[in-house]
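Chemist: Structure file run-v8.tsv, TSV, C-alpha atoms, is pasted below:
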```tsv
chain	number	residue	atom	x	y	z
B	1	MET	CA	-15.35	-1.31	-19.63
B	2	ARG	CA	-14.00	2.07	-18.53
B	3	VAL	CA	-12.49	3.00	-15.19
B	4	HIS	CA	-15.59	5.05	-14.34
B	5	ASP	CA	-17.43	1.76	-13.81
B	6	LEU	CA	-14.77	0.53	-11.39
B	7	ALA	CA	-14.33	3.69	-9.27
B	8	GLU	CA	-15.41	3.47	-5.66
B	9	PRO	CA	-15.82	6.10	-2.91
B	10	TYR	CA	-12.78	6.57	-0.65
B	11	PRO	CA	-12.45	8.78	2.46
B	12	PHE	CA	-10.43	11.94	1.88
B	13	VAL	CA	-9.07	14.95	3.70
B	14	THR	CA	-8.30	18.40	2.33
B	15	THR	CA	-4.99	20.27	2.40
B	16	ASP	CA	-6.20	22.68	5.10
B	17	ASP	CA	-7.44	19.95	7.45
B	18	ASP	CA	-5.68	19.24	10.72
B	19	ALA	CA	-2.87	16.71	10.22
B	20	MET	CA	-3.71	14.97	13.50
B	21	ASP	CA	-7.33	14.43	12.41
B	22	ALA	CA	-6.05	12.96	9.15
B	23	ALA	CA	-3.71	10.62	11.04
B	24	ARG	CA	-6.62	9.50	13.22
B	25	MET	CA	-8.76	8.81	10.17
B	26	LEU	CA	-6.05	6.65	8.62
B	27	ALA	CA	-5.58	4.78	11.90
B	28	GLU	CA	-9.26	4.27	12.70
B	29	GLN	CA	-10.36	3.25	9.22
B	30	SER	CA	-7.22	1.19	8.52
B	31	LEU	CA	-6.65	3.00	5.24
B	32	PRO	CA	-3.73	1.92	3.02
B	33	ALA	CA	-3.14	5.55	1.96
B	34	LEU	CA	-4.27	9.09	2.60
B	35	LEU	CA	-6.16	10.78	-0.24
B	36	VAL	CA	-5.68	14.54	-0.03
B	37	LEU	CA	-7.81	16.98	-2.05
B	38	GLY	CA	-7.07	20.66	-2.57
B	39	ALA	CA	-9.57	23.34	-1.57
B	40	ASP	CA	-10.75	23.25	-5.21
B	41	GLY	CA	-11.60	19.53	-4.95
B	42	GLN	CA	-8.67	18.51	-7.15
B	43	PRO	CA	-6.50	15.59	-5.95
B	44	HIS	CA	-3.45	17.09	-4.28
B	45	ALA	CA	-1.62	13.99	-3.04
B	46	ILE	CA	-2.03	10.28	-2.43
B	47	VAL	CA	0.31	9.23	0.34
B	48	PRO	CA	0.88	5.53	1.11
B	49	GLY	CA	0.65	4.71	4.82
B	50	SER	CA	4.32	3.75	4.97
B	51	GLN	CA	5.31	7.23	3.81
B	52	LEU	CA	2.99	9.00	6.25
B	53	ILE	CA	4.77	7.02	8.94
B	54	ARG	CA	8.08	8.13	7.46
B	55	GLN	CA	6.98	11.75	7.81
B	56	LEU	CA	6.57	11.18	11.58
B	57	LEU	CA	10.09	9.88	12.14
B	58	PRO	CA	13.08	11.98	13.12
B	59	ALA	CA	15.19	12.35	9.95
B	60	TYR	CA	18.12	10.41	11.44
B	61	VAL	CA	15.88	7.41	12.13
B	62	ALA	CA	14.22	7.50	8.70
B	63	GLU	CA	17.67	7.45	7.14
B	64	ASP	CA	19.12	4.76	9.40
B	65	PRO	CA	16.54	2.40	11.00
B	66	ALA	CA	19.26	0.96	13.26
B	67	LEU	CA	19.20	4.23	15.18
B	68	ALA	CA	15.56	3.57	16.20
B	69	CYS	CA	16.94	1.05	18.71
B	70	VAL	CA	18.89	3.67	20.59
B	71	VAL	CA	16.01	6.12	20.88
B	72	GLY	CA	14.21	5.84	24.20
B	73	GLU	CA	10.70	4.39	24.22
B	74	ARG	CA	9.19	7.55	25.63
B	75	HIS	CA	9.87	9.15	22.26
B	76	ASP	CA	7.01	7.13	20.72
B	77	GLY	CA	4.61	9.73	22.08
B	78	GLU	CA	6.62	12.56	20.60
B	79	LEU	CA	6.18	11.29	17.06
B	80	ALA	CA	2.44	12.02	16.86
B	81	GLU	CA	2.96	15.25	18.79
B	82	ARG	CA	4.96	16.50	15.82
B	83	LEU	CA	1.66	16.73	13.95
B	84	ALA	CA	0.18	19.25	16.39
B	85	GLY	CA	-0.64	22.50	14.63
B	86	LEU	CA	0.28	21.16	11.18
B	87	THR	CA	-2.11	21.10	8.25
B	88	VAL	CA	-2.31	18.07	5.99
B	89	ALA	CA	-0.49	20.00	3.25
B	90	GLU	CA	2.41	20.65	5.64
B	91	TRP	CA	2.56	17.02	6.73
B	92	ALA	CA	2.23	15.44	3.30
B	93	PRO	CA	3.81	17.71	0.69
B	94	ARG	CA	2.47	17.32	-2.84
B	95	ARG	CA	5.88	17.36	-4.49
B	96	LEU	CA	6.74	14.10	-2.74
B	97	TYR	CA	3.46	12.31	-3.40
B	98	PRO	CA	1.85	13.53	-6.63
B	99	PRO	CA	-1.45	11.70	-6.99
B	100	PRO	CA	-1.86	9.34	-9.94
B	101	VAL	CA	-5.07	10.44	-11.66
B	102	VAL	CA	-7.01	9.28	-14.71
B	103	GLY	CA	-10.12	10.48	-16.52
B	104	PRO	CA	-13.37	8.51	-16.42
B	105	ASP	CA	-12.79	6.95	-19.84
B	106	ALA	CA	-9.38	5.43	-19.05
B	107	ARG	CA	-9.11	1.72	-19.72
B	108	PRO	CA	-8.52	-0.60	-16.78
B	109	MET	CA	-5.20	-1.68	-18.29
B	110	GLU	CA	-4.06	1.94	-18.50
B	111	VAL	CA	-4.95	2.43	-14.82
B	112	ALA	CA	-3.11	-0.77	-13.96
B	113	ALA	CA	0.02	0.43	-15.73
B	114	LEU	CA	-0.12	3.79	-13.95
B	115	MET	CA	-0.59	2.11	-10.57
B	116	ALA	CA	2.28	-0.29	-11.23
B	117	ARG	CA	4.64	2.48	-12.27
B	118	THR	CA	3.80	4.82	-9.39
B	119	HIS	CA	3.64	2.03	-6.75
B	120	SER	CA	0.49	3.73	-5.46
B	121	PRO	CA	-2.14	1.82	-3.47
B	122	LEU	CA	-4.82	3.79	-5.29
B	123	VAL	CA	-5.49	5.84	-8.40
B	124	ALA	CA	-7.94	8.76	-8.37
B	125	VAL	CA	-10.60	9.00	-11.07
B	126	ILE	CA	-11.50	12.59	-11.91
B	127	GLU	CA	-13.71	14.45	-14.33
B	128	ARG	CA	-12.80	17.89	-15.71
B	129	ASP	CA	-15.43	20.43	-16.66
B	130	GLY	CA	-13.62	23.57	-17.77
B	131	ASP	CA	-11.58	24.66	-14.76
B	132	GLN	CA	-13.59	22.50	-12.39
B	133	VAL	CA	-12.31	19.10	-11.34
B	134	MET	CA	-14.57	16.58	-9.66
B	135	LEU	CA	-13.42	13.41	-7.91
B	136	LEU	CA	-15.47	10.48	-9.16
B	137	GLY	CA	-13.83	7.89	-6.92
B	138	THR	CA	-10.70	5.79	-6.63
B	139	VAL	CA	-9.51	2.40	-7.78
B	140	THR	CA	-7.39	0.07	-5.66
B	141	ALA	CA	-5.23	-2.85	-6.77
B	142	ALA	CA	-7.84	-5.22	-5.32
B	143	ARG	CA	-10.56	-3.59	-7.44
B	144	LEU	CA	-8.47	-3.92	-10.60
B	145	MET	CA	-7.73	-7.54	-9.75
B	146	GLN	CA	-11.48	-8.19	-9.39
B	147	HIS	CA	-12.01	-6.73	-12.83
B	148	PHE	CA	-9.26	-8.72	-14.54
B	149	ILE	CA	-10.46	-11.97	-12.94
B	150	ALA	CA	-14.06	-11.26	-13.98
B	151	ALA	CA	-12.94	-10.33	-17.51
B	152	ALA	CA	-11.22	-13.70	-17.80
B	153	GLY	CA	-14.48	-15.41	-16.84
B	154	LEU	CA	-12.61	-17.33	-14.14
I	1	MET	CA	5.69	-1.49	24.25
I	2	ARG	CA	7.08	-4.08	21.84
I	3	VAL	CA	5.84	-4.93	18.37
I	4	HIS	CA	4.53	-8.26	19.63
I	5	ASP	CA	1.73	-6.32	21.34
I	6	LEU	CA	0.81	-4.59	18.08
I	7	ALA	CA	0.90	-7.58	15.72
I	8	GLU	CA	-2.41	-8.63	14.18
I	9	PRO	CA	-3.44	-11.67	12.13
I	10	TYR	CA	-3.30	-11.24	8.35
I	11	PRO	CA	-4.42	-13.66	5.62
I	12	PHE	CA	-1.55	-15.41	3.85
I	13	VAL	CA	-0.83	-17.83	1.05
I	14	THR	CA	2.10	-20.20	0.63
I	15	THR	CA	4.60	-20.39	-2.21
I	16	ASP	CA	3.06	-23.60	-3.59
I	17	ASP	CA	-0.51	-22.27	-3.66
I	18	ASP	CA	-2.28	-21.57	-6.90
I	19	ALA	CA	-1.56	-18.00	-8.08
I	20	MET	CA	-5.16	-17.56	-9.25
I	21	ASP	CA	-6.50	-18.46	-5.80
I	22	ALA	CA	-4.10	-15.90	-4.29
I	23	ALA	CA	-5.29	-13.23	-6.73
I	24	ARG	CA	-8.91	-14.01	-5.80
I	25	MET	CA	-8.10	-13.71	-2.10
I	26	LEU	CA	-6.51	-10.28	-2.60
I	27	ALA	CA	-9.49	-9.15	-4.70
I	28	GLU	CA	-12.23	-10.50	-2.43
I	29	GLN	CA	-10.69	-9.38	0.85
I	30	SER	CA	-9.47	-6.02	-0.54
I	31	LEU	CA	-5.98	-6.66	0.79
I	32	PRO	CA	-3.30	-3.97	0.34
I	33	ALA	CA	-0.61	-6.64	-0.16
I	34	LEU	CA	-0.10	-10.37	-0.50
I	35	LEU	CA	1.72	-12.07	2.37
I	36	VAL	CA	3.48	-15.19	1.09
I	37	LEU	CA	4.92	-17.81	3.43
I	38	GLY	CA	7.33	-20.58	2.44
I	39	ALA	CA	6.46	-24.23	3.05
I	40	ASP	CA	8.46	-23.90	6.30
I	41	GLY	CA	6.19	-21.10	7.55
I	42	GLN	CA	8.86	-18.45	7.07
I	43	PRO	CA	7.83	-15.20	5.32
I	44	HIS	CA	8.87	-15.51	1.68
I	45	ALA	CA	7.56	-12.27	0.20
I	46	ILE	CA	5.25	-9.34	0.90
I	47	VAL	CA	3.99	-7.98	-2.39
I	48	PRO	CA	2.10	-4.66	-2.54
I	49	GLY	CA	-1.09	-4.84	-4.61
I	50	SER	CA	0.29	-2.40	-7.19
I	51	GLN	CA	3.20	-4.75	-7.88
I	52	LEU	CA	0.98	-7.83	-8.16
I	53	ILE	CA	-0.93	-5.89	-10.79
I	54	ARG	CA	2.37	-5.09	-12.48
I	55	GLN	CA	3.15	-8.80	-12.67
I	56	LEU	CA	-0.06	-9.29	-14.69
I	57	LEU	CA	0.80	-6.72	-17.34
I	58	PRO	CA	2.59	-7.44	-20.60
I	59	ALA	CA	6.16	-6.17	-20.17
I	60	TYR	CA	5.77	-3.50	-22.87
I	61	VAL	CA	2.76	-2.01	-21.05
I	62	ALA	CA	4.43	-2.10	-17.63
I	63	GLU	CA	7.36	-0.21	-19.12
I	64	ASP	CA	5.29	2.31	-21.07
I	65	PRO	CA	1.73	2.90	-19.73
I	66	ALA	CA	0.86	4.88	-22.89
I	67	LEU	CA	0.87	1.58	-24.77
I	68	ALA	CA	-2.05	0.35	-22.65
I	69	CYS	CA	-4.29	2.59	-24.76
I	70	VAL	CA	-3.47	0.77	-27.96
I	71	VAL	CA	-4.09	-2.71	-26.57
I	72	GLY	CA	-7.59	-3.95	-27.37
I	73	GLU	CA	-10.08	-4.23	-24.53
I	74	ARG	CA	-10.48	-7.98	-25.01
I	75	HIS	CA	-6.98	-8.32	-23.61
I	76	ASP	CA	-8.25	-7.49	-20.11
I	77	GLY	CA	-9.37	-11.11	-19.82
I	78	GLU	CA	-5.98	-12.37	-20.89
I	79	LEU	CA	-4.20	-10.73	-18.00
I	80	ALA	CA	-5.68	-12.97	-15.32
I	81	GLU	CA	-5.39	-15.97	-17.62
I	82	ARG	CA	-1.63	-15.53	-17.40
I	83	LEU	CA	-1.90	-16.80	-13.84
I	84	ALA	CA	-3.35	-20.17	-14.89
I	85	GLY	CA	-1.05	-22.99	-13.83
I	86	LEU	CA	1.35	-20.69	-11.96
I	87	THR	CA	2.20	-21.06	-8.29
I	88	VAL	CA	2.40	-18.04	-6.03
I	89	ALA	CA	6.21	-18.34	-6.00
I	90	GLU	CA	6.28	-18.14	-9.80
I	91	TRP	CA	3.96	-15.12	-9.84
I	92	ALA	CA	5.61	-13.19	-7.03
I	93	PRO	CA	9.33	-13.92	-6.97
I	94	ARG	CA	11.02	-13.42	-3.62
I	95	ARG	CA	14.03	-11.61	-5.06
I	96	LEU	CA	11.74	-8.74	-6.11
I	97	TYR	CA	9.73	-8.48	-2.90
I	98	PRO	CA	11.78	-9.58	0.11
I	99	PRO	CA	9.51	-9.35	3.15
I	100	PRO	CA	10.40	-6.84	5.85
I	101	VAL	CA	10.47	-8.87	9.08
I	102	VAL	CA	11.15	-8.07	12.73
I	103	GLY	CA	11.37	-10.10	15.93
I	104	PRO	CA	8.72	-9.84	18.65
I	105	ASP	CA	10.85	-7.51	20.79
I	106	ALA	CA	11.38	-4.85	18.12
I	107	ARG	CA	10.34	-1.36	19.14
I	108	PRO	CA	7.48	0.31	17.27
I	109	MET	CA	9.85	3.05	16.08
I	110	GLU	CA	12.20	0.42	14.61
I	111	VAL	CA	9.26	-1.16	12.75
I	112	ALA	CA	8.18	2.27	11.53
I	113	ALA	CA	11.65	2.97	10.15
I	114	LEU	CA	11.77	-0.41	8.38
I	115	MET	CA	8.32	0.14	6.87
I	116	ALA	CA	9.24	3.64	5.72
I	117	ARG	CA	12.47	2.49	4.11
I	118	THR	CA	10.96	-0.53	2.32
I	119	HIS	CA	7.71	1.28	1.32
I	120	SER	CA	5.89	-1.88	2.41
I	121	PRO	CA	2.21	-1.78	3.44
I	122	LEU	CA	3.03	-4.30	6.16
I	123	VAL	CA	5.84	-5.73	8.23
I	124	ALA	CA	5.83	-9.37	9.38
I	125	VAL	CA	6.51	-10.17	13.03
I	126	ILE	CA	8.23	-13.53	13.47
I	127	GLU	CA	9.64	-15.62	16.26
I	128	ARG	CA	12.64	-17.90	15.77
I	129	ASP	CA	13.08	-21.10	17.76
I	130	GLY	CA	16.25	-22.77	16.50
I	131	ASP	CA	15.62	-23.47	12.82
I	132	GLN	CA	11.88	-22.98	13.20
I	133	VAL	CA	10.27	-19.68	12.30
I	134	MET	CA	6.74	-18.85	13.38
I	135	LEU	CA	4.68	-15.94	12.08
I	136	LEU	CA	3.20	-14.03	15.02
I	137	GLY	CA	1.28	-11.54	12.90
I	138	THR	CA	1.79	-8.38	10.91
I	139	VAL	CA	1.76	-4.65	11.50
I	140	THR	CA	0.28	-2.13	9.06
I	141	ALA	CA	0.93	1.61	8.83
I	142	ALA	CA	-2.55	2.23	10.28
I	143	ARG	CA	-1.71	0.05	13.30
I	144	LEU	CA	1.56	1.93	13.91
I	145	MET	CA	-0.29	5.23	13.58
I	146	GLN	CA	-2.80	4.05	16.22
I	147	HIS	CA	0.08	3.26	18.53
I	148	PHE	CA	1.89	6.58	18.07
I	149	ILE	CA	-1.34	8.54	18.58
I	150	ALA	CA	-2.15	6.55	21.72
I	151	ALA	CA	1.42	6.98	23.02
I	152	ALA	CA	1.04	10.74	22.67
I	153	GLY	CA	-2.13	10.57	24.76
I	154	LEU	CA	-3.99	12.50	22.07
```
Would you give me this structure, written as structure tokens?

Modeler:
Amino acid sequence: MRVHDLAEPYPFVTTDDDAMDAARMLAEQSLPALLVLGADGQPHAIVPGSQLIRQLLPAYVAEDPALACVVGERHDGELAERLAGLTVAEWAPRRLYPPPVVGPDARPMEVAALMARTHSPLVAVIERDGDQVMLLGTVTAARLMQHFIAAAGL
Amino acid sequence: MRVHDLAEPYPFVTTDDDAMDAARMLAEQSLPALLVLGADGQPHAIVPGSQLIRQLLPAYVAEDPALACVVGERHDGELAERLAGLTVAEWAPRRLYPPPVVGPDARPMEVAALMARTHSPLVAVIERDGDQVMLLGTVTAARLMQHFIAAAGL
């Protein structure tokens, strides 16, 4: 069994997309993370939902949650407004959220170890053909768990 | 708006449940994390899927993913077998994954800051009544995003 057989489709956005549209997609589809591809189709970032939320918060609140209590409620609306005019790349910088990626022939255990180490909700499965990179799909923790349970014949 | 109005039901297991049953629930329902309650109904742990996977791996693989390549494929079945006879509490120790919890009157921004700081896919909303603790529901990053977008009137 190779990871290629486990990979599943996952909704994605590209770096040039509107950040607000990306936020809406995450919200409406209840995604655990945002998968961001570059214009060349190469995975650019995988951002867990909790860290997308972090990117909305004023820096002083992200650093000290206690300060959230003293911010007026009307500010809730201002958080999403901060996304207006931003691209996905500006909202979710790659250097903070480098995407864990594997090739199609990676072993499930290798993918599991990468996921565990990066604390990422998903790992991207890609295929390289010269300079071209194609996304084959992604693997979640739930998908890996399915595989390990099935492999045990339980 | 208080977090009570945002909280949604989420499947949970208890500390004494069979770890294998909990793993199956995560796999079958594609959950991003396992919500574990104590026998008293109090949140005991919230474990992201990636870290449940980590708990399945041999320690030497978790510490060095490159070693996953040299482990034979037949070992995939042994990973889930490690859960046999374990309770959820033994599989997912509380000290490693203390659950982020808030009261029903917490503000959405406070919940967002807690989620961002703990990197947790969900935050538990609880109500205390003397010594009793009742789980009211949970809030995901997608749910918070919905709220902030709605609050902005976008």

Chemist: Measure the distance from atom CA of I:Val61 to atom CA of I:Pro48 in Å and round it to one decimal.

Modeler: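 It comes out at 18.7 Å.
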
Chemist: Compile a residue-level contact table for chain I against chain B at a cut-off of 6 Å, reporting for every qualifying residue the shortest atom pair and its distance in Å to one decimal, with only C-alpha atoms counted, rows ordered by chain and ascending number, as CSV.

Modeler:
```
residue,atom,partner,partner_atom,distance
I:Leu26,CA,B:Ala142,CA,5.9
I:Ala27,CA,B:Ala142,CA,4.3
I:Ser30,CA,B:Ala142,CA,5.1
I:Gly49,CA,B:Ala141,CA,5.1
I:Ser50,CA,B:Ala116,CA,5.0
I:Gln51,CA,B:Ala116,CA,5.7
I:Arg54,CA,B:Ala116,CA,5.0
I:Ala62,CA,B:Ala113,CA,5.4
I:Pro65,CA,B:Ala113,CA,5.0
I:Ala68,CA,B:Glu110,CA,4.9
I:Asp76,CA,B:Phe148,CA,5.8
I:Gly77,CA,B:Ala152,CA,3.8
I:Ala80,CA,B:Ile149,CA,5.4
I:Met109,CA,B:Ala68,CA,5.7
I:Glu110,CA,B:Ala68,CA,4.9
I:Ala113,CA,B:Pro65,CA,5.0
I:Met115,CA,B:Ser50,CA,5.7
I:Ala116,CA,B:Arg54,CA,5.0
I:His119,CA,B:Ser50,CA,5.6
I:Ala141,CA,B:Gly49,CA,5.1
I:Ala142,CA,B:Ala27,CA,4.3
I:Met145,CA,B:Ala27,CA,5.6
I:Gln146,CA,B:Ala27,CA,5.2
I:Phe148,CA,B:Ala80,CA,5.6
I:Ile149,CA,B:Ala80,CA,5.4
I:Ala151,CA,B:Gly77,CA,4.3
I:Ala152,CA,B:Gly77,CA,3.8
```

Chemist: Could you tell me how far atom CA of I:Ala39 sits from atom CA of I:Glu8, in Å to one decimal place?

Modeler: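 Result for atom CA of I:Glu8 versus atom CA of I:Ala39: 21.1 Å, one decimal.
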
Chemist: Tell me, in Å to one decimal, how far atom CA of I:Ala124 is from atom CA of I:Thr15.

Modeler: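 We find that atom CA of I:Ala124 and atom CA of I:Thr15 lie 16.0 Å from each other.
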
Chemist: Counting all atoms listed in the file, which residue out of I:Asp18, I:Asp40, I:Glu127, I:Glu90 sits closest to I:Asp105?

Modeler: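 Looking at the shortest contact to I:Asp105, the residue is I:Glu127.
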
Chemist: What box, with edges along x, y and z, holds each listed atom of stretch 44-54 of chain B when 3 Å is added on every side, and can you state its centre and edge lengths in Å to one decimal, as JSON?

Modeler:
```
{"center_x": 2.3, "center_y": 10.4, "center_z": 2.3, "size_x": 17.5, "size_y": 19.3, "size_z": 19.2}
```

Chemist: B:Ala19: which residues within 6 Å, counting all atoms listed in the file, same-chain residues fewer than 2 positions away excluded, as a ChimeraX atom specification?

Modeler: /B:21-22,83,86-88

Chemist: Quick one: residues within 7 Å of (6.5, 11.5, -0.9) (file frame), counting all atoms listed in the file, please, as a PyMOL selection string.

Modeler: chain B and resi 47+51+93+95-97

Chemist: Can you spit out the residues from that selection as a PDB file, in the coordinates of the input, using C-alpha atoms?

Modeler:
```pdb
ATOM      1  CA  VAL B  47       0.310   9.230   0.340  1.00  0.00           C
ATOM      2  CA  GLN B  51       5.310   7.230   3.810  1.00  0.00           C
ATOM      3  CA  PRO B  93       3.810  17.710   0.690  1.00  0.00           C
ATOM      4  CA  ARG B  95       5.880  17.360  -4.490  1.00  0.00           C
ATOM      5  CA  LEU B  96       6.740  14.100  -2.740  1.00  0.00           C
ATOM      6  CA  TYR B  97       3.460  12.310  -3.400  1.00  0.00           C
TER       7      TYR B  97
END
```

Chemist: If I only want stretch 29-43 of chain I, can you write it with N, CA and C atoms, as a tab-separated table (two decimals), in the first residue's frame?

Modeler:
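The result, written out as out_39.tsv:
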```tsv
chain	number	residue	atom	x	y	z
I	29	GLN	N	-16.07	8.87	11.13
I	29	GLN	CA	-16.76	10.16	11.06
I	29	GLN	C	-15.84	11.28	10.56
I	30	SER	N	-14.62	10.92	10.15
I	30	SER	CA	-13.65	11.91	9.65
I	30	SER	C	-13.53	13.11	10.59
I	31	LEU	N	-13.34	12.81	11.86
I	31	LEU	CA	-13.24	13.90	12.85
I	31	LEU	C	-11.84	14.52	12.82
I	32	PRO	N	-11.74	15.84	13.03
I	32	PRO	CA	-10.43	16.48	13.07
I	32	PRO	C	-9.71	16.26	14.41
I	33	ALA	N	-10.48	15.86	15.44
I	33	ALA	CA	-9.89	15.67	16.77
I	33	ALA	C	-10.81	14.77	17.59
I	34	LEU	N	-10.22	14.18	18.62
I	34	LEU	CA	-11.01	13.34	19.53
I	34	LEU	C	-11.31	14.15	20.79
I	35	LEU	N	-12.61	14.26	21.10
I	35	LEU	CA	-13.04	14.92	22.33
I	35	LEU	C	-13.26	13.85	23.38
I	36	VAL	N	-12.51	13.94	24.48
I	36	VAL	CA	-12.57	12.93	25.53
I	36	VAL	C	-13.14	13.54	26.80
I	37	LEU	N	-14.21	12.95	27.31
I	37	LEU	CA	-14.78	13.42	28.58
I	37	LEU	C	-14.40	12.45	29.70
I	38	GLY	N	-14.27	12.97	30.92
I	38	GLY	CA	-14.06	12.11	32.07
I	38	GLY	C	-15.38	11.46	32.46
I	39	ALA	N	-15.33	10.52	33.40
I	39	ALA	CA	-16.53	9.83	33.85
I	39	ALA	C	-17.53	10.84	34.44
I	40	ASP	N	-17.02	11.98	34.92
I	40	ASP	CA	-17.87	13.01	35.52
I	40	ASP	C	-18.44	13.96	34.46
I	41	GLY	N	-18.16	13.71	33.19
I	41	GLY	CA	-18.71	14.56	32.13
I	41	GLY	C	-17.85	15.77	31.81
I	42	GLN	N	-16.79	15.95	32.56
I	42	GLN	CA	-15.90	17.10	32.37
I	42	GLN	C	-14.91	16.82	31.23
I	43	PRO	N	-14.65	17.80	30.35
I	43	PRO	CA	-13.66	17.55	29.30
I	43	PRO	C	-12.31	17.14	29.89
```
